[in-house]
Amino acid sequence: MNENTSGWNHLRGIEPLSLCDWPGRTSCVFFLGGCNLNCPTCHNFDMAWNMEKLPILSRDDMKSFLRNRAQWLDGVTITGGEPTTVPGLGEILYEIRRISDLPIKMDSNGMLPEILEDILRQGLAEKFAVDVKGPYDKYPALTGRAVTADAARKNMEKVFVLAEANPQAFYFRLTAVPTLTDEDIETAKGYLPDGFELTIQNYIPPRREHAHADNEARRPVGNMVD
Ligand code: SF4
């Protein structure tokens with residue numbers, strides 16, 4: 001497949017060394033552009049919505065980086081955007097594993113649980129950090145109307161079932177955006193299966209306010225919008 005039309009076209013950034021993206025491990029971070037949500041609080045909106053603005057990191061660049069640096073790392077973090085929206089994600093993960101022989105952790109908003117299940121079943125990632133945005137009834141506001149409360153609940157419940165069956169593979173995070181109250185955060189904590197804790201992350205405001213006038217054009221497809 002032509003690299004420009006494949007998932008490799010979404011590879012738009014790398015952080016060579018991170019001490020915090022995979023708690024307890026040193027990892028590099030690969031950024032895959034594109035997202036199925038429109039969170040007004042997104043701190044990485046160019047990666048999520050305007051990846052064309054960002055330079056492509058070629059497959060060869062990625063390979064050469066991993067060949068040179070894998071020995072100094074404990075893992076690879078895949079983030080975005082939303083990695084589960086990237087076509088051919090499995091091939092990218094397979095290549096990273098093949099070249100580096102490192103474990104992979106993937107960040108996700110949890111709205112495409114079937115993809116997470118697929119990746120898990122194929123053994124293409126060891127760890128999934130899944131965001132719980134807040135109470136389900138706040139998902140429409142928290143995601144720029146990209147997801148309904150009902151779809152959010154159904155998708156997250158599928159993720160929680162996966163997590164219960166594979167507790168070592170999942171952890172959950174919530175970013176304390178300004179519209180969430182303490183009560184909202186307690187509600188979100190209550191969604192988690194027994195034995196899981198919700199990691200609360202401080203909110204980092206976007207570098208600039210972004211208009212949502214073009215949200216209709218960016219709105220995701222699939223089962224998420226009423
Ligand atoms: S899920 Fe929301 S916060 Fe995360 S990358 Fe997508 S738009 Fe940004």
# chains A, B, ... in the order shown; residues from 1 in each chain; ligands from 1
call {"tool": "residues_near_ligand", "arguments": {"ligand": "ligand 1", "cutoff": "10 Å", "atoms": "only C-alpha atoms and all ligand atoms", "output": "ChimeraX atom specification"}}
result
/A:32-49,79-83,107-111,131,133,142-144,146,175,206
call {"tool": "select_by_dssp", "arguments": {"residues": "chain A", "states": "strand (DSSP E)", "output": "ChimeraX atom specification"}}
result
/A:11-18,27-32,75-79,104-108,127-131,170-175,198-201
call {"tool": "residues_around", "arguments": {"residues": "A:Lys158", "least_positions_apart": "4", "cutoff": "9 Å", "atoms": "only C-alpha atoms", "output": "PyMOL selection string"}}
result
chain A and resi 110+113-114+153-154+162-163
call {"tool": "select_by_dssp", "arguments": {"residues": "stretch 168-201 of chain A", "states": "alpha helix (DSSP H)", "output": "short mmCIF file (atom, residue, chain, number, x, y, z; two decimals) with C-alpha atoms, in the first residue's frame"}}
result
data_model
loop_
_atom_site.label_atom_id
_atom_site.label_comp_id
_atom_site.auth_asym_id
_atom_site.auth_seq_id
_atom_site.Cartn_x
_atom_site.Cartn_y
_atom_site.Cartn_z
CA ASP A 182 -15.91 17.01 42.13
CA GLU A 183 -19.21 15.16 42.00
CA ASP A 184 -18.71 14.45 38.28
CA ILE A 185 -15.31 12.96 39.02
CA GLU A 186 -16.79 10.75 41.73
CA THR A 187 -19.48 9.63 39.27
CA ALA A 188 -16.81 8.70 36.70
CA LYS A 189 -14.82 6.80 39.34
#
call {"tool": "residues_around", "arguments": {"residues": "stretch 56-65 of chain A", "least_positions_apart": "6", "cutoff": "10 Å", "atoms": "only C-alpha atoms", "output": "list in words"}}
result
Glu3, Asn4, Trp8, Asn9, His10, Leu11, Arg12, Gly13, Ile14, Pro16, Cys28, Phe30, Phe31, Leu32, Gly33, Ile92, Glu95, Ile96, Arg98, Ile99 and Ser100 of chain A
call {"tool": "write_last_selection", "arguments": {"atoms": "N, CA, C and O atoms", "output": "compact mmCIF listing (two decimals), in the first residue's frame"}}
result
# COMPACT_ATOMS: atom_id res chain seq x y z
N GLU A 3 2.40 4.56 0.95
CA GLU A 3 2.54 5.10 2.30
C GLU A 3 1.65 6.31 2.54
O GLU A 3 1.16 6.55 3.64
N ASN A 4 1.39 7.09 1.46
CA ASN A 4 0.58 8.29 1.63
C ASN A 4 -0.89 7.99 1.84
O ASN A 4 -1.66 8.84 2.26
N TRP A 8 0.41 4.78 7.71
CA TRP A 8 1.70 5.44 7.94
C TRP A 8 1.61 6.93 7.69
O TRP A 8 2.38 7.70 8.24
N ASN A 9 0.65 7.34 6.87
CA ASN A 9 0.43 8.76 6.61
C ASN A 9 0.02 9.51 7.88
O ASN A 9 0.10 10.73 7.95
N HIS A 10 -0.45 8.77 8.88
CA HIS A 10 -0.89 9.40 10.14
C HIS A 10 0.25 9.59 11.14
O HIS A 10 0.06 10.20 12.18
N LEU A 11 1.41 9.03 10.83
CA LEU A 11 2.54 9.15 11.76
C LEU A 11 3.11 10.56 11.65
O LEU A 11 3.80 10.90 10.69
N ARG A 12 2.80 11.39 12.64
CA ARG A 12 3.08 12.82 12.52
C ARG A 12 3.94 13.38 13.65
O ARG A 12 4.05 14.59 13.80
N GLY A 13 4.50 12.54 14.47
CA GLY A 13 5.35 13.11 15.50
C GLY A 13 5.98 12.04 16.36
O GLY A 13 5.50 10.91 16.45
N ILE A 14 7.09 12.43 16.97
CA ILE A 14 7.78 11.52 17.89
C ILE A 14 8.38 12.33 19.03
O ILE A 14 8.89 13.44 18.83
N PRO A 16 11.29 11.51 21.54
CA PRO A 16 12.29 10.43 21.66
C PRO A 16 12.36 9.79 23.05
O PRO A 16 12.66 8.60 23.16
N CYS A 28 9.57 5.95 24.24
CA CYS A 28 9.43 6.98 23.22
C CYS A 28 7.94 7.06 22.91
O CYS A 28 7.18 6.15 23.23
N PHE A 30 5.12 7.83 19.88
CA PHE A 30 4.76 8.11 18.49
C PHE A 30 3.35 8.69 18.47
O PHE A 30 2.44 8.17 19.13
N PHE A 31 3.18 9.76 17.70
CA PHE A 31 1.89 10.44 17.60
C PHE A 31 1.24 10.10 16.27
O PHE A 31 1.84 10.32 15.21
N LEU A 32 0.01 9.59 16.34
CA LEU A 32 -0.75 9.28 15.13
C LEU A 32 -1.86 10.31 15.00
O LEU A 32 -2.69 10.46 15.90
N GLY A 33 -1.89 11.01 13.88
CA GLY A 33 -2.86 12.09 13.69
C GLY A 33 -4.25 11.58 13.39
O GLY A 33 -4.44 10.49 12.86
N ILE A 92 1.12 -1.01 11.82
CA ILE A 92 2.09 -0.09 12.43
C ILE A 92 2.61 -0.68 13.74
O ILE A 92 3.82 -0.69 14.01
N GLU A 95 4.98 -3.57 13.08
CA GLU A 95 6.30 -3.12 12.63
C GLU A 95 7.13 -2.60 13.80
O GLU A 95 8.33 -2.86 13.90
N ILE A 96 6.48 -1.82 14.67
CA ILE A 96 7.21 -1.28 15.83
C ILE A 96 7.73 -2.43 16.69
O ILE A 96 8.88 -2.45 17.12
N ARG A 98 8.24 -5.54 15.76
CA ARG A 98 9.23 -6.35 15.02
C ARG A 98 10.61 -5.69 15.06
O ARG A 98 11.62 -6.36 15.26
N ILE A 99 10.64 -4.39 14.91
CA ILE A 99 11.92 -3.70 14.83
C ILE A 99 12.54 -3.50 16.21
O ILE A 99 13.74 -3.65 16.39
N SER A 100 11.69 -3.16 17.18
CA SER A 100 12.25 -2.77 18.48
C SER A 100 12.24 -3.89 19.51
O SER A 100 13.00 -3.84 20.47
